[in-house]
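Below: one structure, written as structure tokens.
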Amino acid sequence: MNVKTIHQSMLKCVVVVVLSVNAFVSSGCSTEKSDSAEIIDKSPGYNGIGSLPGNGGGENMLLKKIEEMRKIRGEKYKPRTRHILLDGWAKYTNRLFLESSPYLLQHAHNPVNWYPWGDEAFETAKKLNRPVLLSVGYSTCHWCHVMEEESFEDEEIAQYLNENYIAIKVDREERPDIDAIYMSAVQALTGRGGWPMTVWLTPDRKPFYGGTYFPARDGDRGAGIGFLTLLKKVNEGYHTKQDIVVESSQQLTNAIQKMLSSETGDQLPVEDVLHLAIDYYRDRFDPVYGGIKGNPKFPSSFPVRMLFRYYRRTGDNEILKMAKLTLDNMAAGGIYDHVGGGFHRYSTDEQWLVPHFEKMLYDNALLIMDYLEGYQITGDENLRQIAVDILRYVKRDMTSPDGAFYSATDADSLNREGHLEEGYFFTWTPEELEEVLSKDQDRIVKKYYSVGFTPDFEGRHILNTIESTNDFSDRLKMSGEKLAGIIDESKEILYQARSHRPPPLRDEKILAAWNGLMISAHARAGLILGELQYIDRAVKAAQFVLKHLYIKNRLFRSYKDNTARHNAYLDDYAFLIASLLDLYEATYDTTWLEKAMALDGVLEKYYEDKRIGGFFMTSNDHEDLIAREKPAYDGALPSGNSIAVLNLLRLGEFTSIDSYKKRAGKALMSFSGTLNSNPVALSEMLLAVDFFLDSPKEIIVVTPEGEKGKADPFLFEFRKQFLPNRILAVISEGKDLQYHAKVIPLVKGKLAQEKKVTAYVCEEGTCKLPTSDPNVFASQIKSVKKLKTVLLR
């Protein structure tokens with residue numbers, strides 16, 4: 001049964017259940033995210049914490065836990081709600097107050113009796129014969145904040161929920177498994193998805209209706225029917241047509257299970273897969289602004305790193321120009337934070353001008369890698385500078401005192417009137433610029449960043465550049481060096497001035513997967529740019545993750561308030577393994593390579609599909625859910641399978657252990673159905689396909705004992721080449737070489753000839769003549785295995 005068929009059949013069921021299908025069209029939040037939380041009703045008779053329906057003898061214990069947590073959180077804790085008592089404490093407190101997720105804590109004082117996901121909630125629903133309302137979102141989601149304020153903070157709506165439903169809040173960033181399952185249900189029912197996600201479930205966790213954002217009441221925001229009316233109609237249908245609800249929920253569950261399995265095949269990928277993907281991007285490319293035509297525009301929807309690899313293997317200059325134009329225009333637009341560095345999540349228009357202002361750690365990690373590769377392949381210093389600026393932003397704004405990386409910052413912040421306003425922190429008025437800049441600075445900054453008479457956003461200006469620095473300096477008859485100095489000085493003044501504004505909320509949970517991406521970005525930056533500071537930061541973050549999230553040889557997903565929580569997912573392992581391989585190549589410390597091998601052993605044991613290859617999102621000892629996803633789609637985040645396959649190929653090159661390559665080949669074969677029919681769905685896996693179809697270079701540089709620094713001339717040549725499909729090891733003779741040989745057999749017998757640094761460039765175990773000449777080394781690593789340029793249809 002395909003999605004369209006499911007949608008049509010489910011709509012028929014829902015008509016009966018909720019009486020009017022047309023009333024349930026939500027208000028267009030397919031690209032937004034939402035907040036979640038869990039709560040306990042408070043009333044004066046219970047010292048501000050009210051009784052829970054069906055809670056029985058556990059009520060006193062729950063109240064005690066909440067009081068204990070209030071003491072732990074201390075006086076600095078401020079309830080996030082409009083329902084505040086005279087003493088400053090919240091009128092309502094629910095179970096989410098016991099959670100550590102920033103998203104759940106945002107809802108800890110709603111008048112809704114939220115539960116966290118777990119057996120207690122579903123057992124209560126079953127006991128009371130109530131439907132479950134599942135609300136899924138994340139802490140920096142603008143429209144989640146809107147729905148919270150309109151509906152979950154509304155006492156009338158909360159009362160109806162509390163009396164007729166069991167309400168569950170889930171942080172999608174901590175529980176991507178739950179998010180994936182029920183997002184599939186929403187997409188099957190409505191043809192789209194997004195956050196906040198709102199799903200109606202039976203007590204056995206099966207969905208029977210869902211959507212995204214719903215306005216609170218009939219007529220709000222032009223909606224024919226509001227959330228409160230919808231709650232009443234669904235509840236009525238649930239109790240009067242329960243046999244239909246059960247049948248439709250089982251139908252939908254069966255469909256979800258199909259949707260979350262990959263489209264299998266029985267052949268290894270061939271070059272046609274890469275050509276087919278490139279044809280897709282060529283046909284849909286925006287020749288004016290870059291990226292894919294239309295709006296909104298997400299950086300991830302146009303995979304420039306895949307385009308760079310295709311250019312390397314074909315020499316197709318058009319593809320290089322497409323990737324370069326996209327990177328240039330993103331960096332010029334308002335999606336880029338010109339004052340503080342870093343990118344916002346996406347652009348609402350085709351010009352990359354007006355962003356949705358939240359910033360995500362994973363976006364910026366991936367964009368660092370995009371711009372680093374762009375710099376390597378083009379030599380454009382502007383691309384290098386963007387990568388450096390993002391790295392500085394991460395250091396200043398997204399790094400914990402212990403060196404790990406925070407998750408995200410919100411789009412909304414308080415304006416001068418004390419009201420939350422999207423984009424306020426990042427935007428300017430002409431008067432605000434004049435207050436902090438000198439007259440010359442103000443004149444140049446306004447022209448350079450397009451601050452004219454007409455505001456870009458909500459009466460304010462988004463800094464963006466419409467011409468290059470060189471063209472602008474020529475027009476002003478000013479040297480490029482002088483202009484750069486004025487702009488850099490002005491940006492720092494604006495950054496300091498902006499720092500006095502109330503900042504957007506920062507989600508300070510530490511996620512293993514997202515930290516893995518940012519560790520990779522730092523390690524690669526250190527290697528490519530020759531900057532030890534980035535490697536040091538990568539090492540510190542990796543040490544934090546392995547110390548606090550790797551417990552008893554198993555990885556955990558999230559760390560907050562000194563506690564690791566949630567069994568890790570495929571992407572946690574895959575992204576962290578990739579980062580450890582990158583760290584090895586940046587440090588030449590085999591500790592990282594050995595740890596990567598150990599983590600892959602956990603993946604193989606608990607996550608791998610031994611029958612047909614590839615990996616499941618959850619381990620085989622994970623909580624039982626209604627479906628077990630095998631991720632097969634690269635969206636804003638790469639799928640864990642795409643990264644895991646490339647990890648296996650790299651591990652195979654490093655260790656010469658054939659089983660790694662066999663497992664990678666089996667995984668690629670298992671996804672060949674999707675790769676052949678719709679390769680852009682797995683755009684990140686195409687990097688692994690390119691590696692698989694290439695002859696990866698095995699680069700070994702051996703120095704005299706204790707003299708690794710003498711390898712620098714060779715690394716200088718290495719950095720000038722774009723070599724994505726390779727492994728790199730720099731080794732000193734003596735004990736270092738002996739130890740490496742145990743892990744990387746390829747280094748056996750390789751010496752620093754005549755006591756000179758000697759480079760060995762090999763492919764599939766066969767090496768070119770060793771050389772002590774950096775220029776010869778440079779020519780050896782330049783060779784490229786070209787792709788056939790004709791698509792065989």
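Within each chain, counting starts at residue 1; across the structure tokens, chains are named A, B, ... in the order shown, with ligands numbered 1 upward in that order.
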task = Write out as number ranges by chain all residues of segment 177-253 of chain A that DSSP puts in strand (DSSP E or B) for this structure's backbone.
result = A: 197-201, 207-211
request  = Identify, with DSSP run on backbone atoms, the residues in segment 363-566 of chain A assigned to alpha helix (DSSP H), and express the list as an MDAnalysis selection string.
outcome  = chainID A and resid 363:378 381:397 430:436 439:448 469:475 480:498 512:529 532:548
query = Which residues come within 9 Å of Gly665 of chain A, counting only C-alpha atoms, excluding same-chain residues fewer than 3 positions away, as a list in words?
reply =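 Once the adjacent positions are removed, what remains is Leu268, Gly613, Val645, Leu649, Tyr660, Lys661, Lys662, Leu668, Met669, Ser670 and Phe692 of chain A.
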key: Two-atom distance - atom CA of Ala255 of chain A, atom CA of Met197 of chain A (Å)   =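 Distance reported for this atom pair: 18.5 Å.
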Would you tabulate, counting only C-alpha atoms, all residues of segment 123-188 of chain A that have an atom at most 8 Å from an atom of segment 96-119 of chain A, showing the closest pair of atoms and their distance in Å to one decimal, sorted by chain then ascending number, as a tab-separated table?
residue	atom	partner	partner_atom	distance
A:Glu123	CA	A:Asp119	CA	5.9
A:Gly137	CA	A:Tyr103	CA	7.6
A:Tyr138	CA	A:Tyr103	CA	5.4
A:Ser139	CA	A:Tyr103	CA	4.2
A:Thr140	CA	A:Tyr103	CA	8.0
A:Glu148	CA	A:His107	CA	7.9
A:Phe152	CA	A:Asn110	CA	6.1
A:Glu153	CA	A:Asn110	CA	5.2
A:Asp154	CA	A:Pro111	CA	7.3
A:Glu155	CA	A:Pro111	CA	6.0
A:Ala158	CA	A:Val112	CA	4.7
A:Gln159	CA	A:Val112	CA	7.1
A:Leu161	CA	A:Val112	CA	6.9
A:Asn162	CA	A:Asn113	CA	5.8
A:Ile166	CA	A:Trp114	CA	7.5
A:Ala167	CA	A:Trp114	CA	5.1
A:Ile168	CA	A:Tyr115	CA	4.7
A:Lys169	CA	A:Pro116	CA	5.5
A:Val170	CA	A:Trp117	CA	6.4
A:Asp171	CA	A:Tyr103	CA	6.1
A:Glu174	CA	A:Ser101	CA	7.8
key: For atom CA of Glu163 of chain A and atom CA of Phe214 of chain A, the interatomic separation in Å (one decimal)   =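 A separation of 19.9 Å between them.
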Long-range neighbours of Met147 of chain A as a PyMOL selection string, 8 Å cut-off, only C-alpha atoms, 5 positions minimum in chain = chain A and resi 34+152+196+213-216
Please list as a PDB file with N, CA, C and O atoms, in the first residue's frame every residue within 10 Å of segment 277-289 of chain A, counting only C-alpha atoms and excluding residues in the same chain fewer than 6 positions away.
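Saved file part.pdb follows:
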ATOM      1  N   SER A 301      19.557  20.559   1.132  1.00  0.00           N
ATOM      2  CA  SER A 301      18.830  20.059  -0.042  1.00  0.00           C
ATOM      3  C   SER A 301      19.679  20.098  -1.309  1.00  0.00           C
ATOM      4  O   SER A 301      19.286  19.534  -2.332  1.00  0.00           O
ATOM      5  N   PHE A 302      20.830  20.750  -1.237  1.00  0.00           N
ATOM      6  CA  PHE A 302      21.733  20.809  -2.388  1.00  0.00           C
ATOM      7  C   PHE A 302      23.113  20.355  -1.900  1.00  0.00           C
ATOM      8  O   PHE A 302      23.888  21.147  -1.374  1.00  0.00           O
ATOM      9  N   PRO A 303      23.423  19.053  -2.057  1.00  0.00           N
ATOM     10  CA  PRO A 303      24.613  18.460  -1.418  1.00  0.00           C
ATOM     11  C   PRO A 303      25.912  18.824  -2.132  1.00  0.00           C
ATOM     12  O   PRO A 303      26.403  18.078  -2.984  1.00  0.00           O
ATOM     13  N   MET A 306      28.811  16.290  -2.462  1.00  0.00           N
ATOM     14  CA  MET A 306      28.628  15.273  -3.499  1.00  0.00           C
ATOM     15  C   MET A 306      28.975  15.859  -4.876  1.00  0.00           C
ATOM     16  O   MET A 306      29.615  15.203  -5.707  1.00  0.00           O
ATOM     17  N   LEU A 307      28.590  17.118  -5.118  1.00  0.00           N
ATOM     18  CA  LEU A 307      28.922  17.766  -6.382  1.00  0.00           C
ATOM     19  C   LEU A 307      30.431  17.937  -6.539  1.00  0.00           C
ATOM     20  O   LEU A 307      30.972  17.778  -7.633  1.00  0.00           O
ATOM     21  N   TYR A 310      31.848  14.686  -7.665  1.00  0.00           N
ATOM     22  CA  TYR A 310      31.521  14.419  -9.069  1.00  0.00           C
ATOM     23  C   TYR A 310      32.425  15.247  -9.981  1.00  0.00           C
ATOM     24  O   TYR A 310      32.927  14.737 -11.001  1.00  0.00           O
ATOM     25  N   GLU A 318      30.725  22.823 -15.017  1.00  0.00           N
ATOM     26  CA  GLU A 318      29.389  23.322 -14.713  1.00  0.00           C
ATOM     27  C   GLU A 318      28.970  22.904 -13.295  1.00  0.00           C
ATOM     28  O   GLU A 318      28.367  23.684 -12.550  1.00  0.00           O
ATOM     29  N   ILE A 319      29.303  21.687 -12.927  1.00  0.00           N
ATOM     30  CA  ILE A 319      28.949  21.179 -11.596  1.00  0.00           C
ATOM     31  C   ILE A 319      29.709  21.947 -10.521  1.00  0.00           C
ATOM     32  O   ILE A 319      29.137  22.303  -9.478  1.00  0.00           O
ATOM     33  N   LYS A 321      30.758  25.026 -10.753  1.00  0.00           N
ATOM     34  CA  LYS A 321      30.172  26.370 -10.690  1.00  0.00           C
ATOM     35  C   LYS A 321      28.863  26.365  -9.907  1.00  0.00           C
ATOM     36  O   LYS A 321      28.565  27.301  -9.158  1.00  0.00           O
ATOM     37  N   MET A 322      28.065  25.317 -10.067  1.00  0.00           N
ATOM     38  CA  MET A 322      26.808  25.212  -9.333  1.00  0.00           C
ATOM     39  C   MET A 322      27.059  25.174  -7.829  1.00  0.00           C
ATOM     40  O   MET A 322      26.392  25.867  -7.050  1.00  0.00           O
ATOM     41  N   ALA A 323      28.025  24.360  -7.433  1.00  0.00           N
ATOM     42  CA  ALA A 323      28.326  24.238  -6.005  1.00  0.00           C
ATOM     43  C   ALA A 323      28.899  25.533  -5.461  1.00  0.00           C
ATOM     44  O   ALA A 323      28.519  25.995  -4.372  1.00  0.00           O
ATOM     45  N   LEU A 325      28.564  28.657  -6.648  1.00  0.00           N
ATOM     46  CA  LEU A 325      27.552  29.716  -6.612  1.00  0.00           C
ATOM     47  C   LEU A 325      26.652  29.554  -5.387  1.00  0.00           C
ATOM     48  O   LEU A 325      26.301  30.538  -4.722  1.00  0.00           O
ATOM     49  N   THR A 326      26.303  28.331  -5.066  1.00  0.00           N
ATOM     50  CA  THR A 326      25.450  28.070  -3.910  1.00  0.00           C
ATOM     51  C   THR A 326      26.141  28.478  -2.619  1.00  0.00           C
ATOM     52  O   THR A 326      25.558  29.177  -1.772  1.00  0.00           O
ATOM     53  N   LEU A 327      27.393  28.083  -2.440  1.00  0.00           N
ATOM     54  CA  LEU A 327      28.126  28.453  -1.230  1.00  0.00           C
ATOM     55  C   LEU A 327      28.294  29.965  -1.127  1.00  0.00           C
ATOM     56  O   LEU A 327      28.139  30.551  -0.046  1.00  0.00           O
ATOM     57  N   ASP A 328      28.597  30.617  -2.236  1.00  0.00           N
ATOM     58  CA  ASP A 328      28.788  32.069  -2.223  1.00  0.00           C
ATOM     59  C   ASP A 328      27.497  32.794  -1.833  1.00  0.00           C
ATOM     60  O   ASP A 328      27.514  33.724  -1.005  1.00  0.00           O
ATOM     61  N   ASN A 329      26.389  32.386  -2.416  1.00  0.00           N
ATOM     62  CA  ASN A 329      25.133  33.084  -2.160  1.00  0.00           C
ATOM     63  C   ASN A 329      24.584  32.800  -0.767  1.00  0.00           C
ATOM     64  O   ASN A 329      23.960  33.673  -0.160  1.00  0.00           O
ATOM     65  N   MET A 330      24.788  31.603  -0.258  1.00  0.00           N
ATOM     66  CA  MET A 330      24.387  31.340   1.127  1.00  0.00           C
ATOM     67  C   MET A 330      25.167  32.235   2.084  1.00  0.00           C
ATOM     68  O   MET A 330      24.605  32.804   3.029  1.00  0.00           O
ATOM     69  N   GLY A 333      23.880  35.835   1.964  1.00  0.00           N
ATOM     70  CA  GLY A 333      22.500  36.095   2.344  1.00  0.00           C
ATOM     71  C   GLY A 333      22.279  36.243   3.837  1.00  0.00           C
ATOM     72  O   GLY A 333      23.186  36.079   4.656  1.00  0.00           O
ATOM     73  N   GLU A 350      13.773  32.411  -1.906  1.00  0.00           N
ATOM     74  CA  GLU A 350      14.725  31.808  -2.832  1.00  0.00           C
ATOM     75  C   GLU A 350      16.080  32.510  -2.840  1.00  0.00           C
ATOM     76  O   GLU A 350      17.056  31.988  -3.374  1.00  0.00           O
ATOM     77  N   GLN A 351      16.168  33.691  -2.216  1.00  0.00           N
ATOM     78  CA  GLN A 351      17.398  34.486  -2.278  1.00  0.00           C
ATOM     79  C   GLN A 351      18.359  34.207  -1.114  1.00  0.00           C
ATOM     80  O   GLN A 351      19.383  34.856  -1.022  1.00  0.00           O
ATOM     81  N   TRP A 352      17.993  33.316  -0.199  1.00  0.00           N
ATOM     82  CA  TRP A 352      18.754  33.070   1.025  1.00  0.00           C
ATOM     83  C   TRP A 352      18.745  34.307   1.922  1.00  0.00           C
ATOM     84  O   TRP A 352      19.643  34.486   2.732  1.00  0.00           O
ATOM     85  N   LEU A 675      18.827   3.563  -4.197  1.00  0.00           N
ATOM     86  CA  LEU A 675      19.923   4.209  -4.924  1.00  0.00           C
ATOM     87  C   LEU A 675      19.675   4.211  -6.426  1.00  0.00           C
ATOM     88  O   LEU A 675      20.010   5.172  -7.133  1.00  0.00           O
ATOM     89  N   ASN A 676      19.069   3.156  -6.938  1.00  0.00           N
ATOM     90  CA  ASN A 676      18.819   3.074  -8.377  1.00  0.00           C
ATOM     91  C   ASN A 676      17.577   3.843  -8.805  1.00  0.00           C
ATOM     92  O   ASN A 676      17.541   4.416  -9.894  1.00  0.00           O
ATOM     93  N   SER A 677      16.550   3.858  -7.954  1.00  0.00           N
ATOM     94  CA  SER A 677      15.289   4.491  -8.345  1.00  0.00           C
ATOM     95  C   SER A 677      15.224   5.967  -7.955  1.00  0.00           C
ATOM     96  O   SER A 677      14.604   6.771  -8.651  1.00  0.00           O
ATOM     97  N   ASN A 678      15.862   6.320  -6.847  1.00  0.00           N
ATOM     98  CA  ASN A 678      15.765   7.701  -6.352  1.00  0.00           C
ATOM     99  C   ASN A 678      17.029   8.050  -5.565  1.00  0.00           C
ATOM    100  O   ASN A 678      16.995   8.235  -4.351  1.00  0.00           O
ATOM    101  N   PRO A 679      18.174   8.139  -6.232  1.00  0.00           N
ATOM    102  CA  PRO A 679      19.447   8.296  -5.525  1.00  0.00           C
ATOM    103  C   PRO A 679      19.541   9.563  -4.677  1.00  0.00           C
ATOM    104  O   PRO A 679      20.268   9.574  -3.679  1.00  0.00           O
ATOM    105  N   VAL A 680      18.797  10.605  -5.033  1.00  0.00           N
ATOM    106  CA  VAL A 680      18.889  11.844  -4.250  1.00  0.00           C
ATOM    107  C   VAL A 680      18.281  11.679  -2.864  1.00  0.00           C
ATOM    108  O   VAL A 680      18.530  12.497  -1.970  1.00  0.00           O
ATOM    109  N   ALA A 681      17.464  10.639  -2.659  1.00  0.00           N
ATOM    110  CA  ALA A 681      16.952  10.363  -1.313  1.00  0.00           C
ATOM    111  C   ALA A 681      18.080   9.960  -0.376  1.00  0.00           C
ATOM    112  O   ALA A 681      17.963  10.086   0.847  1.00  0.00           O
ATOM    113  N   LEU A 682      19.176   9.480  -0.957  1.00  0.00           N
ATOM    114  CA  LEU A 682      20.345   9.074  -0.170  1.00  0.00           C
ATOM    115  C   LEU A 682      21.562   9.862  -0.650  1.00  0.00           C
ATOM    116  O   LEU A 682      22.602   9.293  -0.985  1.00  0.00           O
ATOM    117  N   SER A 683      21.429  11.178  -0.662  1.00  0.00           N
ATOM    118  CA  SER A 683      22.491  12.028  -1.216  1.00  0.00           C
ATOM    119  C   SER A 683      23.794  11.890  -0.442  1.00  0.00           C
ATOM    120  O   SER A 683      24.882  12.003  -1.020  1.00  0.00           O
ATOM    121  N   LEU A 686      25.688   8.750  -1.342  1.00  0.00           N
ATOM    122  CA  LEU A 686      26.401   8.839  -2.612  1.00  0.00           C
ATOM    123  C   LEU A 686      27.883   9.122  -2.394  1.00  0.00           C
ATOM    124  O   LEU A 686      28.720   8.778  -3.238  1.00  0.00           O
ATOM    125  N   LEU A 791      25.544   8.449 -19.107  1.00  0.00           N
ATOM    126  CA  LEU A 791      24.564   7.730 -18.309  1.00  0.00           C
ATOM    127  C   LEU A 791      23.944   6.629 -19.153  1.00  0.00           C
ATOM    128  O   LEU A 791      23.370   6.873 -20.210  1.00  0.00           O
TER     129      LEU A 791
END
task = Go ahead and compute the interatomic distance for atom CA of Cys141 of chain A and atom CA of Glu156 of chain A, in Å to one decimal.
result =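 Result for atom CA of Cys141 of chain A versus atom CA of Glu156 of chain A: 23.9 Å, one decimal.
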inquiry  = Using only C-alpha atoms, which protein or nucleic acid residues come within 12 Å of Arg501 of chain A? Drop anything in the same chain fewer than 3 positions from it, and give the result as a list in words.
reply    = Ser413, Leu414, Asn415, Arg416, Glu417, Gly418, Tyr424, Phe425, Phe426, Thr427, Trp428, Glu432, Leu494, Tyr495, Gln496, Ala497, Arg498 and Pro504 of chain A
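Among A:Val132, A:Leu62, A:Leu570, A:Met360, the residue with the shortest atom-to-atom distance to Phe556 of chain A, counting only C-alpha atoms, is A:Leu570.
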inquiry  = Calculated over only C-alpha atoms, which of the candidates A:Leu581, A:Leu463, A:Ala667, A:Ala332 has the smallest distance to Met597 of chain A?
reply    = A:Leu581
request  = Would you mind listing what lies within 9 Å of Leu372 of chain A as a ChimeraX atom specification, with only C-alpha atoms counted and same-chain residues fewer than 2 positions away left out?
outcome  = /A:367-370,374-377,383-384,386-388,521,524-525,528-529
